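Here is my_file_35.txt, consisting of compact mmCIF, C-alpha atoms and all ligand atoms:
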# COMPACT_ATOMS: atom_id res chain seq x y z
CA MET A 206 92.61 31.34 1.88
CA PRO A 207 90.81 32.73 4.94
CA ARG A 208 90.21 30.63 8.02
CA ILE A 209 86.77 29.03 8.22
CA LEU A 210 85.02 29.51 11.57
CA ASP A 211 83.61 26.00 11.78
CA GLY A 212 80.37 26.01 13.76
CA ASN A 213 79.94 22.24 13.66
CA ARG A 214 83.29 21.71 15.42
CA VAL A 215 82.50 24.31 18.10
CA ARG A 216 79.01 22.82 18.58
CA ASP A 217 80.55 19.38 19.15
CA GLU A 218 83.02 20.83 21.68
CA ILE A 219 80.21 22.53 23.60
CA LYS A 220 78.09 19.38 23.61
CA ALA A 221 81.05 17.30 24.82
CA GLU A 222 81.52 19.74 27.72
CA LEU A 223 77.81 19.68 28.60
CA LYS A 224 77.52 15.89 28.72
CA PRO A 225 79.36 15.32 32.03
CA ARG A 226 77.43 18.22 33.61
CA VAL A 227 74.14 16.58 32.56
CA GLU A 228 75.34 13.21 33.89
CA ALA A 229 76.35 14.77 37.21
CA LEU A 230 72.89 16.33 37.62
CA ALA A 231 71.17 13.09 36.66
CA ALA A 232 73.30 11.13 39.16
CA THR A 233 72.73 13.50 42.09
CA SER A 234 69.13 14.66 41.57
CA ARG A 235 67.51 14.64 38.12
CA PRO A 236 68.45 15.45 34.52
CA PRO A 237 67.90 18.98 33.26
CA GLY A 238 64.50 19.41 31.58
CA LEU A 239 63.50 21.44 28.52
CA ALA A 240 59.92 21.99 27.36
CA VAL A 241 59.32 23.07 23.78
CA VAL A 242 55.93 24.46 22.82
CA LEU A 243 55.12 24.19 19.12
CA VAL A 244 51.78 25.71 18.15
CA GLY A 245 50.10 24.51 14.94
CA HIS A 246 51.94 23.25 11.87
CA ASN A 247 54.78 25.36 10.51
CA PRO A 248 57.18 23.11 8.54
CA ALA A 249 60.30 25.20 9.35
CA SER A 250 59.39 25.33 13.07
CA GLU A 251 58.74 21.58 13.08
CA ILE A 252 62.29 20.95 11.77
CA TYR A 253 63.81 23.31 14.39
CA VAL A 254 61.85 21.64 17.19
CA ARG A 255 62.77 18.13 16.01
CA ASN A 256 66.46 19.11 16.06
CA LYS A 257 66.13 20.58 19.56
CA VAL A 258 64.41 17.46 20.93
CA LYS A 259 67.00 15.22 19.25
CA THR A 260 69.88 17.21 20.74
CA CYS A 261 68.28 16.87 24.19
CA GLN A 262 68.17 13.11 23.67
CA ASP A 263 71.85 13.03 22.58
CA LEU A 264 72.85 14.80 25.78
CA GLY A 265 70.52 12.99 28.22
CA ILE A 266 68.40 16.12 28.81
CA TYR A 267 64.76 15.36 29.60
CA SER A 268 62.48 16.99 27.02
CA GLU A 269 58.76 17.55 26.66
CA LYS A 270 57.17 18.63 23.39
CA LEU A 271 53.76 20.27 23.62
CA THR A 272 51.82 20.75 20.39
CA PRO A 273 48.66 22.81 20.95
CA PRO A 274 46.48 23.45 17.87
CA ALA A 275 46.87 26.57 15.69
CA SER A 276 43.44 27.73 16.97
CA ILE A 277 44.73 28.17 20.56
CA THR A 278 43.87 31.49 22.27
CA THR A 279 46.30 33.70 24.19
CA ASP A 280 44.64 32.72 27.50
CA GLU A 281 44.87 29.02 26.73
CA LEU A 282 48.56 29.34 25.80
CA LEU A 283 49.19 31.36 28.97
CA GLY A 284 47.73 28.36 30.83
CA VAL A 285 50.18 26.01 29.08
CA VAL A 286 53.17 28.24 29.96
CA ASN A 287 52.01 28.64 33.57
CA GLY A 288 51.79 24.86 33.89
CA LEU A 289 55.40 24.58 32.71
CA ASN A 290 56.51 27.42 35.02
CA ALA A 291 55.18 25.34 37.94
CA ASN A 292 56.57 22.00 36.72
CA PRO A 293 59.60 21.06 38.88
CA LYS A 294 61.06 18.76 36.18
CA ILE A 295 61.34 21.65 33.70
CA ASP A 296 64.31 24.07 33.80
CA GLY A 297 63.83 25.67 30.40
CA ILE A 298 60.77 26.70 28.41
CA LEU A 299 60.93 27.52 24.75
CA VAL A 300 57.91 28.76 22.84
CA GLN A 301 58.72 28.32 19.17
CA LEU A 302 58.02 31.45 17.13
CA PRO A 303 56.19 32.56 15.08
CA LEU A 304 52.86 32.12 16.89
CA PRO A 305 49.48 32.31 15.08
CA PRO A 306 48.23 35.89 14.54
CA GLN A 307 45.44 35.69 17.16
CA VAL A 308 48.00 34.98 19.92
CA ASP A 309 49.62 37.92 21.74
CA THR A 310 53.28 36.87 21.36
CA LYS A 311 54.63 39.54 23.74
CA ARG A 312 52.27 38.45 26.55
CA ILE A 313 53.28 34.82 26.06
CA LEU A 314 57.02 35.55 26.14
CA LEU A 315 56.56 37.77 29.22
CA SER A 316 54.69 34.98 31.02
CA ILE A 317 57.69 32.60 30.89
CA SER A 318 59.37 32.58 34.28
CA PRO A 319 62.68 34.50 33.82
CA GLU A 320 64.60 31.66 35.49
CA LYS A 321 63.26 29.21 32.87
CA ASP A 322 63.63 31.64 29.92
CA VAL A 323 66.37 29.70 28.10
CA ASP A 324 65.94 31.86 24.98
CA GLY A 325 67.06 34.89 27.02
CA PHE A 326 64.27 37.06 25.55
CA HIS A 327 62.49 38.04 28.80
CA PRO A 328 63.08 41.71 29.75
CA CYS A 329 64.53 40.55 33.10
CA ASN A 330 67.20 38.59 31.24
CA VAL A 331 67.79 41.42 28.77
CA GLY A 332 68.45 43.51 31.90
CA ASN A 333 70.76 40.82 33.25
CA LEU A 334 72.65 40.89 29.95
CA VAL A 335 73.05 44.66 29.99
CA ALA A 336 74.09 44.66 33.67
CA GLN A 337 76.40 41.64 33.15
CA LEU A 338 74.51 39.68 35.80
CA PRO A 339 74.09 35.88 35.60
CA GLY A 340 71.18 34.65 33.51
CA PRO A 341 70.52 33.03 30.16
CA ARG A 342 71.88 34.92 27.16
CA ALA A 343 70.10 34.85 23.78
CA CYS A 344 71.33 31.69 22.07
CA THR A 345 72.48 32.86 18.63
CA PRO A 346 74.44 35.86 20.02
CA ALA A 347 76.02 33.68 22.71
CA GLY A 348 76.94 31.18 20.00
CA ILE A 349 78.64 33.91 17.96
CA ILE A 350 80.87 34.79 20.92
CA GLU A 351 81.75 31.10 21.43
CA LEU A 352 82.55 30.79 17.71
CA LEU A 353 84.95 33.75 17.90
CA LYS A 354 86.60 32.81 21.19
CA ARG A 355 87.07 29.14 20.39
CA ASN A 356 88.72 30.14 17.12
CA GLN A 357 91.07 32.48 19.00
CA VAL A 358 89.69 35.59 17.27
CA ALA A 359 90.73 38.50 19.49
CA ILE A 360 87.78 40.73 20.44
CA ALA A 361 89.19 43.09 23.08
CA GLY A 362 90.25 46.42 21.60
CA LYS A 363 88.88 45.57 18.14
CA ARG A 364 86.35 47.55 16.11
CA ALA A 365 83.16 45.50 15.76
CA VAL A 366 80.34 46.50 13.43
CA VAL A 367 76.99 44.73 13.74
CA VAL A 368 74.51 45.15 10.88
CA GLY A 369 71.02 44.54 12.32
CA ARG A 370 69.39 45.72 15.54
CA SER A 371 66.86 42.99 16.27
CA ASP A 372 66.10 41.93 19.84
CA ILE A 373 67.04 38.36 18.90
CA VAL A 374 70.44 38.90 17.30
CA GLY A 375 71.68 42.44 16.60
CA LYS A 376 71.16 44.10 19.98
CA PRO A 377 72.27 41.22 22.23
CA VAL A 378 75.35 40.35 20.15
CA SER A 379 76.37 44.02 20.23
CA MET A 380 76.12 44.02 24.02
CA LEU A 381 78.11 40.77 24.31
CA LEU A 382 80.84 42.15 22.03
CA LEU A 383 80.93 45.31 24.16
CA HIS A 384 81.36 43.18 27.29
CA GLU A 385 84.28 41.48 25.54
CA HIS A 386 85.78 45.00 25.21
CA ALA A 387 85.21 45.58 21.50
CA THR A 388 84.32 49.08 20.30
CA VAL A 389 80.91 48.41 18.82
CA THR A 390 78.88 50.17 16.13
CA ILE A 391 75.30 49.01 15.52
CA CYS A 392 73.91 49.62 12.02
CA HIS A 393 70.42 49.27 10.54
CA SER A 394 68.35 50.17 7.51
CA LYS A 395 68.66 53.92 8.17
CA THR A 396 72.47 53.95 8.54
CA PRO A 397 73.99 56.27 5.90
CA ASP A 398 76.89 54.95 3.83
CA LEU A 399 76.72 51.47 5.32
CA PRO A 400 79.65 50.11 3.24
CA ALA A 401 82.00 52.76 4.67
CA VAL A 402 80.91 51.99 8.25
CA CYS A 403 81.31 48.25 7.68
CA ARG A 404 84.80 48.77 6.24
CA GLU A 405 85.88 50.11 9.64
CA ALA A 406 85.24 46.68 11.17
CA ASP A 407 87.87 44.25 12.36
CA ILE A 408 84.89 42.03 13.20
CA LEU A 409 81.82 42.39 10.99
CA VAL A 410 78.60 40.67 12.06
CA ALA A 411 75.81 40.52 9.46
CA ALA A 412 72.33 39.82 10.89
CA ILE A 413 70.11 41.37 8.26
CA GLY A 414 68.03 38.75 6.47
CA ARG A 415 69.02 39.92 2.97
CA ALA A 416 70.70 37.40 0.69
CA ALA A 417 74.39 38.16 -0.01
CA MET A 418 73.92 41.88 0.70
CA ILE A 419 77.40 42.28 2.23
CA THR A 420 79.70 42.38 -0.79
CA ALA A 421 83.43 43.12 -1.14
CA ASP A 422 82.76 46.85 -0.82
CA TYR A 423 81.65 46.33 2.83
CA ILE A 424 84.57 44.17 3.94
CA ARG A 425 87.91 45.53 5.10
CA PRO A 426 90.68 43.26 3.75
CA GLY A 427 91.67 40.94 6.58
CA ALA A 428 88.47 41.38 8.62
CA THR A 429 86.72 38.57 10.47
CA VAL A 430 83.20 38.19 9.08
CA VAL A 431 80.37 36.46 10.96
CA ASP A 432 77.36 35.70 8.77
CA VAL A 433 74.16 35.12 10.75
CA GLY A 434 71.81 35.26 7.78
CA THR A 435 69.76 32.29 6.64
CA ASN A 436 68.04 33.12 3.37
CA TYR A 437 66.40 30.51 1.15
CA LEU A 438 66.62 31.44 -2.52
CA THR A 439 63.92 30.12 -4.82
CA ASP A 440 64.95 32.03 -7.97
CA ARG A 441 67.44 30.03 -10.04
CA ALA A 442 68.83 33.17 -11.72
CA GLU A 443 69.61 34.67 -8.30
CA VAL A 444 71.38 31.45 -7.26
CA ALA A 445 73.40 31.60 -10.49
CA ARG A 446 74.32 35.25 -9.88
CA ILE A 447 75.25 34.91 -6.20
CA PHE A 448 77.23 31.66 -6.63
CA ARG A 449 78.80 32.79 -9.96
CA ASN A 450 77.20 29.96 -11.93
CA SER A 451 78.62 27.26 -9.62
CA ALA A 452 77.58 23.95 -11.19
CA GLU A 453 77.46 22.33 -7.74
CA LYS A 454 75.13 24.97 -6.28
CA LEU A 455 72.88 24.97 -9.31
CA ALA A 456 72.64 21.16 -9.23
CA GLY A 457 71.71 21.38 -5.52
CA PHE A 458 69.08 24.00 -6.34
CA ASP A 459 67.64 21.85 -9.14
CA ARG A 460 67.34 18.92 -6.70
CA LYS A 461 65.82 20.80 -3.77
CA GLY A 462 64.09 23.79 -5.36
CA SER A 463 65.89 26.22 -3.05
CA ALA A 464 69.40 27.23 -2.02
CA LEU A 465 70.58 28.56 1.33
CA VAL A 466 72.71 31.70 1.39
CA GLY A 467 73.76 34.02 4.20
CA ASP A 468 73.72 37.81 4.34
CA VAL A 469 77.32 37.90 3.10
CA ASP A 470 78.37 37.34 -0.50
CA PRO A 471 79.87 33.83 -0.35
CA ILE A 472 82.55 34.49 -2.99
CA ASP A 473 83.59 38.04 -2.01
CA VAL A 474 84.07 37.05 1.63
CA VAL A 475 86.61 34.39 0.66
CA GLU A 476 88.56 36.99 -1.29
CA ARG A 477 88.54 39.72 1.40
CA ALA A 478 88.27 38.24 4.90
CA SER A 479 90.97 36.64 7.05
CA ALA A 480 88.33 34.47 8.75
CA TYR A 481 84.62 33.93 8.16
CA SER A 482 81.70 31.80 9.23
CA PRO A 483 80.15 29.92 6.30
CA VAL A 484 76.44 29.41 5.67
CA PRO A 485 75.57 26.67 6.34
CA GLY A 486 77.95 25.34 9.00
CA GLY A 487 78.91 28.58 10.80
CA VAL A 488 76.61 30.28 13.30
CA GLY A 489 73.62 28.00 12.66
CA PRO A 490 74.78 24.89 14.58
CA LEU A 491 75.59 26.97 17.67
CA THR A 492 72.09 28.21 18.36
CA ILE A 493 70.84 24.81 19.56
CA ALA A 494 74.12 24.12 21.40
CA MET A 495 73.68 27.35 23.39
CA LEU A 496 70.04 26.49 24.09
CA MET A 497 71.30 23.26 25.65
CA ALA A 498 73.97 25.19 27.58
CA ASN A 499 71.31 27.58 28.93
CA THR A 500 69.09 24.65 29.96
CA VAL A 501 71.93 22.91 31.81
CA ALA A 502 72.97 26.17 33.53
CA SER A 503 69.35 26.81 34.54
CA ALA A 504 69.09 23.31 36.04
CA GLU A 505 72.36 23.83 37.94
CA ARG A 506 71.10 27.14 39.34
CA ARG A 507 67.71 25.68 40.29
CA LEU A 508 69.28 22.61 41.90
CA ASN A 509 71.92 24.73 43.66
CA VAL A 510 74.93 22.95 42.20
CA CYS A 511 76.73 26.04 40.93
P1 LIG A 601 65.17 41.05 11.71
O1 LIG A 601 64.44 41.06 13.01
O2 LIG A 601 64.37 41.12 10.44
O3 LIG A 601 66.21 42.26 11.72
C1 LIG A 601 66.93 42.60 10.57
C2 LIG A 601 67.76 43.81 10.85
O4 LIG A 601 68.49 44.11 9.66
C3 LIG A 601 66.96 45.06 11.22
O5 LIG A 601 67.54 45.73 12.30
C4 LIG A 601 66.99 45.90 9.94
O6 LIG A 601 67.03 47.30 10.17
C5 LIG A 601 68.33 45.49 9.35
N1 LIG A 601 68.29 45.70 7.90
C6 LIG A 601 67.38 45.24 7.02
N2 LIG A 601 67.68 45.66 5.78
C7 LIG A 601 68.79 46.43 5.90
C8 LIG A 601 69.58 47.15 4.97
N3 LIG A 601 69.28 47.18 3.67
N4 LIG A 601 70.66 47.82 5.44
C9 LIG A 601 70.97 47.80 6.75
N5 LIG A 601 70.26 47.11 7.68
C10 LIG A 601 69.18 46.45 7.25
O7 LIG A 601 66.10 39.77 11.56
P2 LIG A 601 66.83 38.86 12.69
O8 LIG A 601 65.82 38.06 13.42
O9 LIG A 601 67.81 39.67 13.45
O10 LIG A 601 67.62 37.85 11.73
C11 LIG A 601 68.60 38.30 10.82
C12 LIG A 601 69.05 37.13 9.97
O11 LIG A 601 69.64 36.15 10.81
C13 LIG A 601 67.93 36.41 9.23
O12 LIG A 601 68.40 35.92 7.98
C14 LIG A 601 67.61 35.23 10.13
O13 LIG A 601 67.05 34.14 9.43
C15 LIG A 601 68.98 34.90 10.64
N6 LIG A 601 69.01 34.20 11.94
C16 LIG A 601 69.77 33.08 12.01
C17 LIG A 601 69.87 32.40 13.21
C18 LIG A 601 70.72 31.18 13.29
O14 LIG A 601 70.59 30.40 14.20
N7 LIG A 601 71.65 30.99 12.35
C19 LIG A 601 69.18 32.85 14.33
C20 LIG A 601 68.44 34.02 14.23
C21 LIG A 601 68.36 34.70 13.02
P3 LIG A 601 65.78 48.11 10.80
O15 LIG A 601 65.79 47.78 12.27
O16 LIG A 601 66.11 49.52 10.52
O17 LIG A 601 64.56 47.61 10.10
What is this file in structure tokens?
Ligand code: NAP
Amino acid sequence: MPRILDGNRVRDEIKAELKPRVEALAATSRPPGLAVVLVGHNPASEIYVRNKVKTCQDLGIYSEKLTPPASITTDELLGVVNGLNANPKIDGILVQLPLPPQVDTKRILLSISPEKDVDGFHPCNVGNLVAQLPGPRACTPAGIIELLKRNQVAIAGKRAVVVGRSDIVGKPVSMLLLHEHATVTICHSKTPDLPAVCREADILVAAIGRAAMITADYIRPGATVVDVGTNYLTDRAEVARIFRNSAEKLAGFDRKGSALVGDVDPIDVVERASAYSPVPGGVGPLTIAMLMANTVASAERRLNVC
């Protein structure tokens, strides 16, 4: 049986390490502060934001949740972000995406002060990432590196293949793997013979958004497979096919009306990989943990304690 890269365990380790740093800041000056801006009512975003605020509370991080209406204009939202940029209690600003169509998302993300950009999406911080300068790193990619390192998966000298080239996952995780001295190939929808390229990987990262697309044919026997995908299936027949008629999965689907699956075939990966991150319970839990880590690091930088 392959090793399971357990994201919940790594998340708990990271949170346990952050707690004394938060307490030290609170004792000497003030707790770190995170502001989350949630525009309108998007049920998935509301769950993400609730989890972020709860994790702040667990760690003693001060949090503010701002909930402007879905009708907000770009200029009004720029005003909200500028207020947070100027707020001395706030070290991190997160604008939950997606934003309503009338709002210029790029302008909003650019308006976040780079030093408070705890998502690591601002071009200044993308530059810091590329140049290996200090600054917040995108949370999911940073979490993937923590998941590998804290499970003693060697990265230096290994062949890493990343499927997906998004600004949020694919590109930054490729850069972080490169900085860890992997030889990195980035693939996308125009890559010819993707299975053959993926089979070269010692470490295969799937960040595609296509349910169970990475099957046995893509996985070199003994590879480490990191599954970033979060796909909600609503077709019972697809659940039956992907989970090979698993009674447990089908019962879960019948209860909830959907089933979560990653970008990697959940059965094939067990048969081929030497280690893999499951969905759920792999990469997912680390995204919020790294958001907290970025917020604490931002507070330490702003309060000159590091
Ligand atoms: P995205 O912006 O849609 O990017 C998907 C990437 O996959 C693109 O680069 C696309 O190529 C590539 N792709 C699509 N179909 C392909 C195919 N058939 N063959 C090869 N490449 C293909 O998605 P994302 O934001 O990076 O997210 C990827 C997945 O990770 C999603 O399931 C998302 O929900 C999940 N995610 C999870 C977390 C977490 O915390 N666990 C965080 C972020 C994202 P092109 O560029 O050529 O179009």
Applying 10 Å and all atoms listed in the file, which residues near region 220-229 of chain A remain after dropping the ones on its own chain fewer than 6 positions away? List them as a PyMOL selection string. chain A and resi 214+235-237+260+263-267+491+493-495+497-498+500-502+504-505+510
All residues having an atom within 10 Å of ligand LIG 601 (chain A) (only C-alpha atoms and all ligand atoms) as number ranges by chain: A: 253, 343-346, 348-349, 367-377, 391-400, 411-416, 418-419, 432-437, 466-468, 484-493
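The nearest approach to Val308 (chain A) among the residues A:Ile350, A:Ile295, A:Leu338, A:Leu283, with only C-alpha atoms taken into account, belongs to A:Leu283.
You will find CA of Glu320 (chain A) at 12.2 Å from CA of Pro293 (chain A).
Of note, CA of Asp324 (chain A) and CA of Val242 (chain A) are spaced 12.6 Å apart.
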Skipping near chain neighbours, those fewer than 2 positions away, what residues fall within 7 Å of Leu271 (chain A) using all atoms listed in the file, listed as a PyMOL selection string? chain A and resi 241-243+269+273
Given the selection you just returned, output its residues as a file containing C-alpha atoms, formatted as a PDB file, in the frame of the given file.
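To be explicit, this is the file written out as out.pdb:
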ATOM      1  CA  VAL A 241      59.320  23.070  23.780  1.00  0.00           C
ATOM      2  CA  VAL A 242      55.930  24.460  22.820  1.00  0.00           C
ATOM      3  CA  LEU A 243      55.120  24.190  19.120  1.00  0.00           C
ATOM      4  CA  GLU A 269      58.760  17.550  26.660  1.00  0.00           C
ATOM      5  CA  PRO A 273      48.660  22.810  20.950  1.00  0.00           C
TER       6      PRO A 273
END
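Note that the spacing between CA of Val431 (chain A) and CA of Tyr481 (chain A) amounts to 5.7 Å.
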Excluding Ala401 (chain A) and residues on its chain fewer than 6 positions from it, collect all residues at most 10 Å away from it, counting all atoms listed in the file, and give them as a PyMOL selection string. chain A and resi 422-425
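Here the selection is built from only C-alpha atoms, and the residues within 10 Å of (54.6, 24.7, 17.0) turn out to be Val241, Val242, Leu243, Val244, Gly245, His246, Asn247, Pro248, Ala249, Ser250, Glu251, Tyr253, Val254, Lys270, Leu271, Thr272, Pro273, Pro274, Ala275, Val300, Gln301, Leu302, Pro303, Leu304 and Pro305 of chain A.
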With distances taken over only C-alpha atoms, which of A:Ile277, A:Ala428, A:Ile219, A:Leu334 is nearest to Val366 (chain A)? A:Ala428
